[in-house]
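Enquirer: My questions will all concern the structure given below.
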Number of protein chains: 2
Amino acid sequence: MKEIKVIMVGLGNVGQGFLKILETDHASLMQNQGLDIKVVGVSDLRYGNYSEPNGFQVTSLLKALENGNLEGMGKKDERSSTENWIKSCDAQFLLEASFTNFTNAEPAIQYMRAALSSGKHVVTSNKGPIALFYSELATMAKQGGLQIGVEGTVMSGTPSMALGINTLKAAGITSIQGILNGTTNFILTRMEQGNSYQNALAEAQKLGYAEADPTGDVEGYDAAGKVVILGNLVMDRPITFADVERKGISGVTLQDVELAKAEGKRWKLIGTLSIDNGIVSASVKPTLLPTEDPLANVGGATNAITFTTQHMGKVTLIGAGAGRVETGFALLSDILAISKTNEPSNWRKQ
Amino acid sequence: MKEIKVIMVGLGNVGQGFLKILETDHASLMQNQGLDIKVVGVSDLRYGNYSEPNGFQVTSLLKALENGNLEGMGKKDERSSTENWIKSCDAQFLLEASFTNFTNAEPAIQYMRAALSSGKHVVTSNKGPIALFYSELATMAKQGGLQIGVEGTVMSGTPSMALGINTLKAAGITSIQGILNGTTNFILTRMEQGNSYQNALAEAQKLGYAEADPTGDVEGYDAAGKVVILGNLVMDRPITFADVERKGISGVTLQDVELAKAEGKRWKLIGTLSIDNGIVSASVKPTLLPTEDPLANVGGATNAITFTTQHMGKVTLIGAGAGRVETGFALLSDILAISKTNEPSNWRKQ
């Protein structure tokens, strides 16, 4: 049995989704994977930093989070900063699931630096630091013999990054096309069913798919962040937001959608990366797809990605793009993947 | 740089597909993966066993295979048996790509036993030994600290096994549905386009998708073999061919297909595994799918698989199901995956 000690920063939907899985699956993870995963520290701007070197009782922790009060859960750390708390913890992994900030990735980027500089792998669903600072983080990780798990940054726990980074990279990926934002795909699907953009958006907001200010989704910023991540990690090109041509769906009318339908086609918000003569081009924009395209048939809030490769032709993966447990599962799958590869030489002795 | 020495048994389409990839990608595999893959032995019933401890020159080897004459390629081994030759080779991997035999898996199973008993990982596209003897092979591998790579046994190099065995198993797979045979999917697709079963089959034979005796494909034996493999390796249930309810497509008429089409549905030959109250049920049979099902939209010789999971809902993977280079890539991706995990303690010192 291998003991895996993790600390968590960010105890919102994703963090709680991870804890829910750990609550139900801890025994089977021990039995099937030989891993005893213990949460030895939790942190959230709302609560502060709490440590429990022997591992929190997960059900109690979830209950405390439901009640919005962590008092009595382990030892509250009164250190000057969360970064210092992260460094002080005896753990092999930081699970970073605080809020996404595409402007400067604060404060998550500081947490990740603190983890990597103190010998901890970073596993995250947070797109900000990965889209903005991946190159720096990868260098730090390499120097420390550590790894960065990013499955949850694209398509939640649907293993798009495992596919792109591990299995398919060697097949020679020449382009990527994806439905990378569930909210906009839900809106376009409802429009195909005869609803106006405004009504479909209102429905998405009511269902919790879209925020009160839906700009990040409908104008393609969220999808563009994922395109930047895919460009850096799967295509190995250091692209930034400025390299992504971006157009959202707010200009797509019911008439456009119906005209496409009459022609046997569908509008989808497609994130694209392609390499031509060594030059990468990247975009997010409404795209007219023929119904034979596997992406055209992906409806509702589901996401999908097609990798076009030299040796394998097109490989398409379809699955959840968001969700509490689905993104929590991304964190778990990164922990499992990293635990299976060689242990870094500088893991603290347990 | 890590030196990876492989020997190959079976130099037909798959073996040559692997060599073609190695020919074009050897330099990039060194640069990107840090692996120097050398073919130090090749064997085929047609030619005998040849060794080249420093590694064959791959382009010359491919040319010799095209000419059907390996004389002068390394040293011809006159040992009593291929099994003994396998044992004698200094290599870390056996790539087994000889012909599929669903009756008793001979002779491939003997080659695999020889490899595992002499400290070599086995990487294979050969469904016979994996469908019939996986449990024995897995035990041998475990005892030797070795691994068995099986990506090519289902959906060629499309990473269905990586997904099912590695990333998605921890999500709690409750059922699997797949289009696991490209020939029958091609025939059904051509029937939807108005062709009779007989004409579609003749076309598949002309294109090389179906053999002169098409029984293995059209009666569902090939797909059933893949269901057995998925049951054993992904669902962890020791099922056999006898557990798979099997019905082929030869009874599907043009009228059936057109009737389905009129109802917005499609006939597909679907392999299914599901667990209900701990009992696994397995089948291969023509199945009527609504067009919203991602599998319904997979046309031609393409394959696809849907994993239904506890934590991630449905995850669907669509890609090539056969092909020389595509299956050759499966061998390569298994080598890469196995090389990234811990080295077995008993690898021969180089």
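By order in the structure tokens, chains are A, B, ...; within a chain, residues start at 1; ligands start at 1, following the order shown.
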Using only C-alpha atoms, find which residues of chain A lie within 6 Å of chain B and jot them down as a list in words.
Expert: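 Within 6 Å of chain B on chain A, we get Met312, Val315, Thr316, Leu317, Ile318, Gly319, Glu326, Thr341 and Asn342 of chain A.
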Enquirer: What does the file look like for those residues with C-alpha atoms, as a short mmCIF file (atom, residue, chain, number, x, y, z; two decimals), in the first residue's frame?
Expert:
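Contents of result_34.cif, as written:
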```cif
data_model
loop_
_atom_site.label_atom_id
_atom_site.label_comp_id
_atom_site.auth_asym_id
_atom_site.auth_seq_id
_atom_site.Cartn_x
_atom_site.Cartn_y
_atom_site.Cartn_z
CA MET A 312 -4.16 7.35 -36.78
CA VAL A 315 -9.71 10.27 -33.24
CA THR A 316 -12.73 11.81 -31.49
CA LEU A 317 -13.52 11.82 -27.79
CA ILE A 318 -16.97 12.83 -26.52
CA GLY A 319 -17.91 13.34 -22.88
CA GLU A 326 -16.82 14.98 -13.26
CA THR A 341 5.06 6.77 -13.06
CA ASN A 342 8.43 6.94 -11.40
#
```
Enquirer: Can you tell me, as a VMD selection string, which residues in segment 49-212 of chain B count as helix (DSSP H, G or I) by DSSP?
Expert: chain B and resid 58 to 66 82 to 88 108 to 117 127 to 144 151 to 153 160 to 167 169 to 171 182 to 192 197 to 206
Enquirer: Can you pull out every residue within 6 Å of Arg266 of chain B, counting only C-alpha atoms, but drop anything in the same chain fewer than 4 positions away, and send it as a list in words?
Expert: Ala260, Leu288 and Leu289 of chain B
Enquirer: Just how far from atom CA of Gly149 of chain A is atom CA of Asn232 of chain A, in Å to one decimal?
Expert: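 These two atoms are separated by 13.9 Å.
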Enquirer: Please report the interatomic distance between atom CA of Val252 of chain A and atom CA of Thr215 of chain A in Å with one decimal.
Expert: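 Atom CA of Val252 of chain A sits 14.5 Å away from atom CA of Thr215 of chain A.
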Enquirer: Give the strand (DSSP E) residues of segment 46-204 of chain A, as assigned by DSSP on the backbone, as number ranges by chain.
Expert: A: 48-51, 75-77, 93-96, 121-124, 148-149, 173-179
Enquirer: Now that the selection is made, can you save its residues with N, CA, C and O atoms as a compact mmCIF listing (two decimals), in the first residue's frame?
Expert:
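Final output, saved to result38.txt:
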```txt
# COMPACT_ATOMS: atom_id res chain seq x y z
N GLY A 48 -9.80 29.75 5.53
CA GLY A 48 -8.43 29.69 6.05
C GLY A 48 -7.83 28.31 5.78
O GLY A 48 -8.36 27.53 4.99
N ASN A 49 -6.72 28.04 6.48
CA ASN A 49 -5.95 26.83 6.21
C ASN A 49 -6.02 25.86 7.39
O ASN A 49 -5.74 26.25 8.52
N TYR A 50 -6.37 24.62 7.12
CA TYR A 50 -6.51 23.61 8.17
C TYR A 50 -5.65 22.39 7.84
O TYR A 50 -5.64 21.92 6.71
N SER A 51 -4.97 21.90 8.87
CA SER A 51 -4.12 20.72 8.67
C SER A 51 -4.57 19.57 9.57
O SER A 51 -5.05 19.80 10.69
N LYS A 75 -6.26 21.22 12.68
CA LYS A 75 -5.65 22.38 13.34
C LYS A 75 -5.67 23.56 12.38
O LYS A 75 -5.18 23.48 11.26
N LYS A 76 -6.25 24.66 12.81
CA LYS A 76 -6.24 25.85 11.97
C LYS A 76 -4.85 26.46 11.99
O LYS A 76 -4.26 26.65 13.07
N ASP A 77 -4.33 26.73 10.85
CA ASP A 77 -2.97 27.25 10.76
C ASP A 77 -3.05 28.77 10.65
O ASP A 77 -3.76 29.30 9.81
N PHE A 93 1.13 15.95 -2.97
CA PHE A 93 0.34 16.61 -4.00
C PHE A 93 -0.35 17.85 -3.47
O PHE A 93 -0.89 17.85 -2.36
N LEU A 94 -0.36 18.92 -4.28
CA LEU A 94 -1.31 20.01 -4.09
C LEU A 94 -2.42 19.85 -5.13
O LEU A 94 -2.14 19.76 -6.33
N LEU A 95 -3.67 19.79 -4.67
CA LEU A 95 -4.81 19.82 -5.59
C LEU A 95 -5.31 21.26 -5.61
O LEU A 95 -5.83 21.76 -4.61
N GLU A 96 -5.12 21.94 -6.73
CA GLU A 96 -5.47 23.36 -6.80
C GLU A 96 -6.77 23.51 -7.59
O GLU A 96 -6.82 23.21 -8.78
N HIS A 121 3.86 17.58 -6.28
CA HIS A 121 3.19 17.60 -7.57
C HIS A 121 2.01 18.56 -7.49
O HIS A 121 1.41 18.72 -6.44
N VAL A 122 1.66 19.16 -8.63
CA VAL A 122 0.47 20.00 -8.71
C VAL A 122 -0.55 19.32 -9.61
O VAL A 122 -0.23 18.91 -10.73
N VAL A 123 -1.77 19.18 -9.10
CA VAL A 123 -2.88 18.66 -9.90
C VAL A 123 -3.96 19.73 -9.87
O VAL A 123 -4.32 20.22 -8.80
N THR A 124 -4.45 20.11 -11.04
CA THR A 124 -5.36 21.26 -11.05
C THR A 124 -6.43 21.17 -12.12
O THR A 124 -6.25 20.51 -13.15
N ILE A 148 2.89 17.93 -13.29
CA ILE A 148 1.72 18.80 -13.22
C ILE A 148 0.56 18.07 -13.90
O ILE A 148 0.66 17.73 -15.08
N GLY A 149 -0.50 17.83 -13.18
CA GLY A 149 -1.68 17.16 -13.73
C GLY A 149 -2.72 18.19 -14.13
O GLY A 149 -3.10 19.03 -13.32
N ILE A 173 0.12 14.71 -33.98
CA ILE A 173 -1.12 15.49 -34.04
C ILE A 173 -0.90 16.71 -34.94
O ILE A 173 -0.03 17.54 -34.69
N THR A 174 -1.70 16.81 -36.00
CA THR A 174 -1.54 17.93 -36.92
C THR A 174 -2.62 18.99 -36.73
O THR A 174 -2.42 20.14 -37.08
N SER A 175 -3.78 18.58 -36.20
CA SER A 175 -4.78 19.60 -35.87
C SER A 175 -5.74 19.08 -34.81
O SER A 175 -5.85 17.88 -34.58
N ILE A 176 -6.38 20.04 -34.16
CA ILE A 176 -7.36 19.73 -33.11
C ILE A 176 -8.59 20.59 -33.38
O ILE A 176 -8.46 21.78 -33.71
N GLN A 177 -9.77 19.98 -33.26
CA GLN A 177 -11.02 20.73 -33.33
C GLN A 177 -11.85 20.30 -32.14
O GLN A 177 -11.97 19.09 -31.89
N GLY A 178 -12.44 21.24 -31.42
CA GLY A 178 -13.21 20.80 -30.27
C GLY A 178 -14.40 21.68 -29.92
O GLY A 178 -14.39 22.89 -30.18
N ILE A 179 -15.41 21.03 -29.36
CA ILE A 179 -16.49 21.75 -28.68
C ILE A 179 -16.05 21.79 -27.23
O ILE A 179 -16.14 20.79 -26.51
```
Enquirer: Would you mind reading off the distance between atom CA of Ala91 of chain B and atom CA of Lys120 of chain B, one decimal, in Å?
Expert: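 A separation of 6.7 Å between them.
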Enquirer: Can you list, as a list in words, every protein, DNA or RNA residue that comes within 12 Å of Lys261 of chain B when you count only C-alpha atoms, leaving out same-chain residues fewer than 5 positions away?
Expert: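 So the residues in contact are Leu188, Thr189, Met191, Glu192, Gln193, Gly194, Leu254, Gln255, Asp256, Arg266, Trp267, Lys268, Leu288, Leu289, Pro290, Thr291 and Ala296 of chain B.
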Enquirer: Using only C-alpha atoms, find the one residue out of B:Gly41, B:Gly144, B:Gly264, B:Gly128 that sits nearest to Thr240 of chain B.
Expert: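 For Thr240 of chain B, the nearest of the candidates is B:Gly128.
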Enquirer: For Glu23 of chain A, please output as a ChimeraX atom specification all residues within 9 Å (counting only C-alpha atoms; exclusion window: fewer than 4 positions along the same chain).
Expert: /A:18-19,27,57-59,62
